[in-house]
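Have a look at the structure below, then the notes.
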Amino acid sequence: MARFSRHPASAPPVAPERERTRHLLLRGWMVFSLFFAFTAPGWVLGFGVPIAAIVGGVIVAASAVMVAIIRPPFQWRRLPWIAGTFVLWAGLSIAWSAWRETSVLTWLLLVATTFQGVAIASVLTWREIVRAIGSALGWVVGLSLAAEILVAWIVGGPLSAGFETGADTGAAEWISGGIFAGARIDGVIGNPNLLGMIALMAVIVFALEFAARESRRVMLGCGSACRH
């Protein structure tokens, strides 16, 4: 004799499939590339233009190799034509630029940044992109606070470019070290205005992640209630 059961006649729930180590490494690399993009001025101040350029070139080259190996399905026709037109127009403007070398360098940075953004969008899902941006922003804010505290505690004053200390170094200021004095903080970026923008972006992304997590819990709770 059949018995009534509130449980559906379906397969028992199973744990979600674990992410492969390869994909985890890919996500970690994209987080590092975003972190470098957000903190690029700090790399220049701390390690110099050559080192920052080498790190940026390695990031773009490695991302290009990853995209070539993975070959993700990407619809080039869905790219925003306004962004592509701007990159093309910026390249054409080199012909009549009064500072041609500077314009070429700026355009190369624009192309590299655009390619890196396309690479991230092609190998990660939307949810993974949001998580990657949130992780990179969290590292920027966390390391900025830690750097300001350490500089204020150990150096007792500002830390200049090239890790130089002292008021008469003549180098540009990198980390202010005035977090306990109520002064503006520069963080690892070396610019308080950029750090403020990064902090605002972090608040927005963290709020989106929290809202998505809560809405997912509500949907799972409603689905469980409907089954019972």
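Residues are referred to by chain and number: the chain letter is A, B, ... according to the order shown in the structure tokens, the number counts from 1 in that chain, and ligands are numbered separately from 1 in the order shown.
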
All residues 9 Å or closer to region 185-190 of chain A, only C-alpha atoms, same chain fewer than 6 positions away omitted, as a PyMOL selection string: chain A and resi 38-43+45-46+140-141+143-148+173-179

Contact residues around region 78-88 of chain A with only C-alpha atoms at 10 Å, ignoring same-chain residues under 3 positions, as an mmCIF file with N, CA, C and O atoms, in the first residue's frame:
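Written output follows (part.cif):
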```
data_model
loop_
_atom_site.group_PDB
_atom_site.id
_atom_site.type_symbol
_atom_site.label_atom_id
_atom_site.label_comp_id
_atom_site.auth_asym_id
_atom_site.auth_seq_id
_atom_site.Cartn_x
_atom_site.Cartn_y
_atom_site.Cartn_z
ATOM 1 N N PHE A 74 32.966 33.745 -27.212
ATOM 2 C CA PHE A 74 32.819 35.189 -27.034
ATOM 3 C C PHE A 74 32.187 35.772 -28.286
ATOM 4 O O PHE A 74 32.633 35.503 -29.408
ATOM 5 N N GLN A 75 31.157 36.569 -28.098
ATOM 6 C CA GLN A 75 30.444 37.206 -29.199
ATOM 7 C C GLN A 75 30.985 38.623 -29.389
ATOM 8 O O GLN A 75 30.611 39.543 -28.664
ATOM 9 N N GLY A 91 43.621 56.279 -30.912
ATOM 10 C CA GLY A 91 44.792 55.893 -31.684
ATOM 11 C C GLY A 91 45.040 56.813 -32.865
ATOM 12 O O GLY A 91 46.195 57.157 -33.168
ATOM 13 N N LEU A 92 43.977 57.239 -33.527
ATOM 14 C CA LEU A 92 44.135 58.157 -34.663
ATOM 15 C C LEU A 92 44.611 59.533 -34.223
ATOM 16 O O LEU A 92 45.297 60.226 -34.984
ATOM 17 N N SER A 93 44.277 59.925 -32.993
ATOM 18 C CA SER A 93 44.664 61.258 -32.521
ATOM 19 C C SER A 93 46.168 61.399 -32.339
ATOM 20 O O SER A 93 46.673 62.518 -32.188
ATOM 21 N N TRP A 107 47.950 55.652 -25.190
ATOM 22 C CA TRP A 107 47.091 54.791 -26.009
ATOM 23 C C TRP A 107 47.396 53.319 -25.775
ATOM 24 O O TRP A 107 46.487 52.495 -25.733
ATOM 25 N N LEU A 108 48.670 52.981 -25.613
ATOM 26 C CA LEU A 108 49.032 51.601 -25.315
ATOM 27 C C LEU A 108 48.453 51.155 -23.975
ATOM 28 O O LEU A 108 47.980 50.012 -23.838
ATOM 29 N N LEU A 110 45.732 52.343 -22.684
ATOM 30 C CA LEU A 110 44.295 52.202 -22.926
ATOM 31 C C LEU A 110 43.983 50.872 -23.590
ATOM 32 O O LEU A 110 43.037 50.172 -23.190
ATOM 33 N N VAL A 111 44.771 50.487 -24.584
ATOM 34 C CA VAL A 111 44.547 49.211 -25.269
ATOM 35 C C VAL A 111 44.760 48.039 -24.318
ATOM 36 O O VAL A 111 43.972 47.081 -24.300
ATOM 37 N N THR A 114 41.840 47.873 -21.895
ATOM 38 C CA THR A 114 40.640 47.397 -22.582
ATOM 39 C C THR A 114 40.710 45.898 -22.834
ATOM 40 O O THR A 114 39.732 45.163 -22.618
ATOM 41 N N VAL A 118 38.237 42.890 -21.416
ATOM 42 C CA VAL A 118 37.586 41.911 -22.287
ATOM 43 C C VAL A 118 37.963 40.493 -21.884
ATOM 44 O O VAL A 118 37.127 39.579 -21.891
#
```

In region 21-215 of chain A, DSSP strand (DSSP E) residues written as a PDB file with N, CA, C and O atoms, in the first residue's frame:
```
ATOM      1  N   LEU A 159      56.000  58.253   4.011  1.00  0.00           N
ATOM      2  CA  LEU A 159      56.900  57.390   3.255  1.00  0.00           C
ATOM      3  C   LEU A 159      56.893  57.862   1.813  1.00  0.00           C
ATOM      4  O   LEU A 159      55.852  57.870   1.156  1.00  0.00           O
ATOM      5  N   SER A 160      58.053  58.248   1.313  1.00  0.00           N
ATOM      6  CA  SER A 160      58.145  58.806  -0.034  1.00  0.00           C
ATOM      7  C   SER A 160      58.345  57.708  -1.067  1.00  0.00           C
ATOM      8  O   SER A 160      58.517  56.525  -0.737  1.00  0.00           O
ATOM      9  N   GLU A 164      61.667  55.797   0.482  1.00  0.00           N
ATOM     10  CA  GLU A 164      62.547  56.743   1.158  1.00  0.00           C
ATOM     11  C   GLU A 164      61.790  57.425   2.290  1.00  0.00           C
ATOM     12  O   GLU A 164      60.587  57.693   2.183  1.00  0.00           O
ATOM     13  N   THR A 165      62.484  57.701   3.370  1.00  0.00           N
ATOM     14  CA  THR A 165      61.900  58.362   4.530  1.00  0.00           C
ATOM     15  C   THR A 165      62.619  59.677   4.778  1.00  0.00           C
ATOM     16  O   THR A 165      63.744  59.892   4.326  1.00  0.00           O
ATOM     17  N   GLU A 173      55.504  62.075  -2.255  1.00  0.00           N
ATOM     18  CA  GLU A 173      54.961  61.331  -1.118  1.00  0.00           C
ATOM     19  C   GLU A 173      54.140  60.154  -1.601  1.00  0.00           C
ATOM     20  O   GLU A 173      53.319  60.276  -2.510  1.00  0.00           O
ATOM     21  N   TRP A 174      54.360  59.006  -0.967  1.00  0.00           N
ATOM     22  CA  TRP A 174      53.627  57.794  -1.333  1.00  0.00           C
ATOM     23  C   TRP A 174      52.559  57.487  -0.285  1.00  0.00           C
ATOM     24  O   TRP A 174      51.363  57.526  -0.570  1.00  0.00           O
ATOM     25  N   ILE A 175      52.961  57.181   0.942  1.00  0.00           N
ATOM     26  CA  ILE A 175      52.036  56.871   2.033  1.00  0.00           C
ATOM     27  C   ILE A 175      52.192  57.950   3.094  1.00  0.00           C
ATOM     28  O   ILE A 175      53.307  58.176   3.581  1.00  0.00           O
TER      29      ILE A 175
END
```

Those of region 27-94 of chain A in DSSP alpha helix (DSSP H), formatted as a PyMOL selection string: chain A and resi 27-38+40-47+49-70+81-92

Between region 94-166 of chain A and region 30-36 of chain A, at 7 Å or less, what are the per-residue closest atom pairs and their distances in Å? Count only C-alpha atoms, order by chain and rising residue number, and return it as a tab-separated table.
```
residue	atom	partner	partner_atom	distance
A:Ile120	CA	A:Met30	CA	6.5
A:Ala132	CA	A:Val31	CA	5.2
A:Ile133	CA	A:Val31	CA	6.8
A:Ser135	CA	A:Val31	CA	6.7
A:Ala136	CA	A:Phe35	CA	4.9
A:Val140	CA	A:Phe35	CA	6.8
```

Write the residues of the preceding selection, restricted to all heavy atoms, as a PDB file, in the first residue's frame.
```pdb
ATOM      1  N   ILE A 120      38.797  39.413 -18.861  1.00  0.00           N
ATOM      2  CA  ILE A 120      38.080  39.064 -17.635  1.00  0.00           C
ATOM      3  C   ILE A 120      36.622  38.743 -17.931  1.00  0.00           C
ATOM      4  O   ILE A 120      36.059  37.767 -17.405  1.00  0.00           O
ATOM      5  CB  ILE A 120      38.190  40.219 -16.620  1.00  0.00           C
ATOM      6  CG1 ILE A 120      39.641  40.382 -16.156  1.00  0.00           C
ATOM      7  CG2 ILE A 120      37.278  39.982 -15.418  1.00  0.00           C
ATOM      8  CD1 ILE A 120      39.860  41.586 -15.260  1.00  0.00           C
ATOM      9  N   ALA A 132      35.229  38.902  -8.109  1.00  0.00           N
ATOM     10  CA  ALA A 132      36.626  39.260  -8.350  1.00  0.00           C
ATOM     11  C   ALA A 132      36.868  40.741  -8.078  1.00  0.00           C
ATOM     12  O   ALA A 132      37.869  41.112  -7.450  1.00  0.00           O
ATOM     13  CB  ALA A 132      37.012  38.916  -9.794  1.00  0.00           C
ATOM     14  N   ILE A 133      35.944  41.579  -8.529  1.00  0.00           N
ATOM     15  CA  ILE A 133      36.085  43.016  -8.264  1.00  0.00           C
ATOM     16  C   ILE A 133      36.012  43.283  -6.764  1.00  0.00           C
ATOM     17  O   ILE A 133      36.784  44.082  -6.220  1.00  0.00           O
ATOM     18  CB  ILE A 133      34.996  43.801  -9.012  1.00  0.00           C
ATOM     19  CG1 ILE A 133      35.198  43.677 -10.531  1.00  0.00           C
ATOM     20  CG2 ILE A 133      35.013  45.275  -8.614  1.00  0.00           C
ATOM     21  CD1 ILE A 133      34.110  44.345 -11.347  1.00  0.00           C
ATOM     22  N   SER A 135      36.808  41.217  -4.342  1.00  0.00           N
ATOM     23  CA  SER A 135      38.034  40.744  -3.701  1.00  0.00           C
ATOM     24  C   SER A 135      39.182  41.724  -3.926  1.00  0.00           C
ATOM     25  O   SER A 135      39.936  42.038  -2.990  1.00  0.00           O
ATOM     26  CB  SER A 135      38.409  39.366  -4.254  1.00  0.00           C
ATOM     27  OG  SER A 135      37.403  38.414  -3.966  1.00  0.00           O
ATOM     28  N   ALA A 136      39.326  42.217  -5.161  1.00  0.00           N
ATOM     29  CA  ALA A 136      40.404  43.170  -5.452  1.00  0.00           C
ATOM     30  C   ALA A 136      40.230  44.458  -4.660  1.00  0.00           C
ATOM     31  O   ALA A 136      41.197  44.986  -4.081  1.00  0.00           O
ATOM     32  CB  ALA A 136      40.443  43.465  -6.950  1.00  0.00           C
ATOM     33  N   VAL A 140      42.680  46.127  -1.749  1.00  0.00           N
ATOM     34  CA  VAL A 140      43.191  47.504  -1.843  1.00  0.00           C
ATOM     35  C   VAL A 140      42.912  48.268  -0.556  1.00  0.00           C
ATOM     36  O   VAL A 140      43.805  48.902   0.027  1.00  0.00           O
ATOM     37  CB  VAL A 140      42.578  48.229  -3.057  1.00  0.00           C
ATOM     38  CG1 VAL A 140      43.000  49.703  -3.053  1.00  0.00           C
ATOM     39  CG2 VAL A 140      43.013  47.578  -4.349  1.00  0.00           C
TER      40      VAL A 140
END
```

Spatial neighbours of region 65-72 of chain A, max dist 12 Å, only C-alpha atoms, sep filter under 3 positions, as a PyMOL selection string: chain A and resi 22-23+25-27+29-30+58-62+75-76+115-125

Coordinates-based distance that separates CA of Arg131 (chain A) from CA of Ser63 (chain A) (Å, one decimal):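 These atoms are spaced 18.3 Å apart.
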
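Here CA of Gly56 (chain A) stands at a distance of 8.5 Å from CA of Ala37 (chain A).
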
Residue neighbourhood Phe47 (chain A), 8 Å, only C-alpha atoms, exclusion window fewer than 4 positions, as a list in words: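 Near neighbours after the sequence-gap exclusion: Trp43, Ile51, Ala52, Ala161 and Gly162 of chain A.
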